[in-house]
Amino acid sequence: MLLLDGEPCIDTIPGTEVEASGVAGRGLFARRAWSSGEVLGTLDGQVVDVTRYPAVEALEWNALAPDRLLVRAVRTSYGFMNHSPDANVAIDDDGRTMRAARDLSPGDELTLDYFAQPVPPAYLTSDEGRALRAVGPA
């Protein structure tokens, strides 16, 4: 599926590219270097109460609190980051700022530990959540 002027997604992390992943499906890969702690980008979206609108979990989101998600109606490059318990990208406590968790080199696949976020309890018990928690160290 292509969006906005034929692009596959909105570029939330400049200097990255979506490619086939060895982790799962497609992933997001660095095309430049980042130093540990350096900001990669900032997430945006609409804050939604997932207890009131649980269907938003089918959209792209990141968790701000167990009951509040930052939801995006269109696909972004952030949405291509795969899960790893040994992630190289972290999201600050503000739920919006993405930082390199360690030095990143061109060609590195950017990964997140999805469970480092305050995900909704229903996600933890979903098929996807259970499958991801079963993933061992990368």
# chains A, B, ... in the order shown; residues from 1 in each chain; ligands from 1
$ residues_around --residues "Pro120 in chain A" --least-positions-apart "6" --cutoff "10 Å" --atoms "only C-alpha atoms" --output "number ranges by chain"
A: 50-51, 54, 57, 63-69
$ write_last_selection --atoms "C-alpha atoms" --output "CSV table (one decimal), in the first residue's frame"
chain,number,residue,atom,x,y,z
A,50,VAL,CA,-7.9,2.8,24.9
A,51,THR,CA,-10.4,1.7,27.6
A,54,PRO,CA,-10.3,-0.3,22.3
A,57,GLU,CA,-5.2,-0.9,19.0
A,63,ALA,CA,1.7,3.8,24.7
A,64,LEU,CA,1.8,6.9,26.9
A,65,ALA,CA,0.1,5.0,29.8
A,66,PRO,CA,-1.7,1.7,30.1
A,67,ASP,CA,-5.0,3.5,29.2
A,68,ARG,CA,-3.6,6.2,26.9
A,69,LEU,CA,-2.2,5.6,23.4
$ closest_atom_pairs --of "range 13-62 of chain A" --to "range 104-117 of chain A" --cutoff "6 Å" --atoms "only C-alpha atoms" --output "tab-separated table"
residue	atom	partner	partner_atom	distance
A:Leu28	CA	A:Leu110	CA	5.6
A:Phe29	CA	A:Glu109	CA	4.3
A:Ala30	CA	A:Pro106	CA	4.9
A:Arg31	CA	A:Pro106	CA	4.5
A:Arg32	CA	A:Pro106	CA	4.7
A:Ala33	CA	A:Ser105	CA	4.5
A:Trp34	CA	A:Leu104	CA	5.0
$ residues_around --residues "range 76-79 of chain A" --least-positions-apart "6" --cutoff "6 Å" --atoms "only C-alpha atoms" --output "MDAnalysis selection string"
chainID A and resid 9:12
$ select_by_dssp --residues "chain A" --states "helix (DSSP H, G or I)" --output "PyMOL selection string"
chain A and resi 54-58+77-80+114-116+121-124+127-133
$ select_by_dssp --residues "range 32-129 of chain A" --states "strand (DSSP E)" --output "PyMOL selection string"
chain A and resi 39-42+46-49+60-65+68-72+82-83+89-91+97-100+109-112
$ residues_around --residues "Val39 in chain A" --least-positions-apart "5" --cutoff "10 Å" --atoms "only C-alpha atoms" --output "number ranges by chain"
A: 13, 34, 89-92, 97-101
$ write_last_selection --atoms "N, CA and C atoms" --output "tab-separated table (two decimals), in the first residue's frame"
chain	number	residue	atom	x	y	z
A	13	ILE	N	11.52	9.16	11.00
A	13	ILE	CA	12.93	9.11	11.40
A	13	ILE	C	13.77	9.32	10.14
A	34	TRP	N	24.12	7.16	14.43
A	34	TRP	CA	23.65	7.93	15.58
A	34	TRP	C	24.49	7.53	16.78
A	89	VAL	N	16.81	1.17	20.19
A	89	VAL	CA	16.09	2.45	20.24
A	89	VAL	C	15.20	2.42	21.48
A	90	ALA	N	15.09	3.55	22.14
A	90	ALA	CA	14.23	3.67	23.32
A	90	ALA	C	13.37	4.92	23.17
A	91	ILE	N	12.22	4.89	23.82
A	91	ILE	CA	11.33	6.04	23.84
A	91	ILE	C	11.40	6.66	25.23
A	92	ASP	N	11.64	7.97	25.28
A	92	ASP	CA	11.72	8.69	26.56
A	92	ASP	C	10.41	8.57	27.34
A	97	THR	N	9.63	11.05	22.38
A	97	THR	CA	10.99	11.24	21.90
A	97	THR	C	11.70	9.90	21.78
A	98	MET	N	12.20	9.60	20.56
A	98	MET	CA	12.94	8.37	20.32
A	98	MET	C	14.43	8.67	20.34
A	99	ARG	N	15.19	7.84	21.05
A	99	ARG	CA	16.64	8.03	21.17
A	99	ARG	C	17.37	6.72	20.86
A	100	ALA	N	18.59	6.86	20.38
A	100	ALA	CA	19.45	5.69	20.21
A	100	ALA	C	19.80	5.17	21.60
A	101	ALA	N	19.54	3.91	21.85
A	101	ALA	CA	19.86	3.30	23.15
A	101	ALA	C	21.34	2.92	23.23
$ atom_distance --atom1 "CA of Val119 in chain A" --atom2 "CA of Arg96 in chain A"
14.1 Å
$ residues_around --residues "Asp44 in chain A" --least-positions-apart "3" --cutoff "8 Å" --atoms "only C-alpha atoms" --output "MDAnalysis selection string"
chainID A and resid 70:72 96
$ write_last_selection --atoms "all heavy atoms" --output "mmCIF file, in the first residue's frame"
data_model
loop_
_atom_site.group_PDB
_atom_site.id
_atom_site.type_symbol
_atom_site.label_atom_id
_atom_site.label_comp_id
_atom_site.auth_asym_id
_atom_site.auth_seq_id
_atom_site.Cartn_x
_atom_site.Cartn_y
_atom_site.Cartn_z
ATOM 1 N N LEU A 70 -0.912 6.977 21.935
ATOM 2 C CA LEU A 70 -0.678 8.012 20.942
ATOM 3 C C LEU A 70 -0.887 7.313 19.595
ATOM 4 O O LEU A 70 -0.070 6.508 19.166
ATOM 5 C CB LEU A 70 0.736 8.565 21.071
ATOM 6 C CG LEU A 70 1.097 9.774 20.228
ATOM 7 C CD1 LEU A 70 0.179 10.961 20.540
ATOM 8 C CD2 LEU A 70 2.550 10.159 20.452
ATOM 9 N N VAL A 71 -2.017 7.608 18.956
ATOM 10 C CA VAL A 71 -2.481 6.857 17.788
ATOM 11 C C VAL A 71 -2.265 7.659 16.510
ATOM 12 O O VAL A 71 -2.490 8.865 16.471
ATOM 13 C CB VAL A 71 -3.988 6.526 17.944
ATOM 14 C CG1 VAL A 71 -4.522 5.796 16.728
ATOM 15 C CG2 VAL A 71 -4.216 5.710 19.212
ATOM 16 N N ARG A 72 -1.849 6.936 15.465
ATOM 17 C CA ARG A 72 -1.662 7.534 14.143
ATOM 18 C C ARG A 72 -2.538 6.801 13.142
ATOM 19 O O ARG A 72 -2.541 5.573 13.089
ATOM 20 C CB ARG A 72 -0.187 7.455 13.740
ATOM 21 C CG ARG A 72 0.683 8.355 14.602
ATOM 22 C CD ARG A 72 2.156 8.077 14.455
ATOM 23 N NE ARG A 72 2.597 6.838 15.077
ATOM 24 C CZ ARG A 72 2.778 6.672 16.387
ATOM 25 N NH1 ARG A 72 2.542 7.648 17.226
ATOM 26 N NH2 ARG A 72 3.184 5.520 16.867
ATOM 27 N N ARG A 96 7.148 10.208 23.485
ATOM 28 C CA ARG A 96 7.214 10.799 22.140
ATOM 29 C C ARG A 96 8.618 10.869 21.557
ATOM 30 O O ARG A 96 8.774 10.790 20.345
ATOM 31 C CB ARG A 96 6.621 12.210 22.172
ATOM 32 C CG ARG A 96 5.149 12.217 22.537
ATOM 33 C CD ARG A 96 4.630 13.623 22.724
ATOM 34 N NE ARG A 96 3.272 13.635 23.224
ATOM 35 C CZ ARG A 96 2.196 13.733 22.468
ATOM 36 N NH1 ARG A 96 2.306 13.799 21.172
ATOM 37 N NH2 ARG A 96 0.994 13.745 23.018
#
$ atom_distance --atom1 "CA of Leu40 in chain A" --atom2 "CA of Thr16 in chain A"
9.7 Å
$ closest_residue --among "A:Gly25, A:Pro118, A:Gly15, A:Gly41" --to "His83 in chain A" --atoms "only C-alpha atoms"
A:Gly25
$ atom_distance --atom1 "CA of Ala55 in chain A" --atom2 "CA of Arg75 in chain A"
16.4 Å
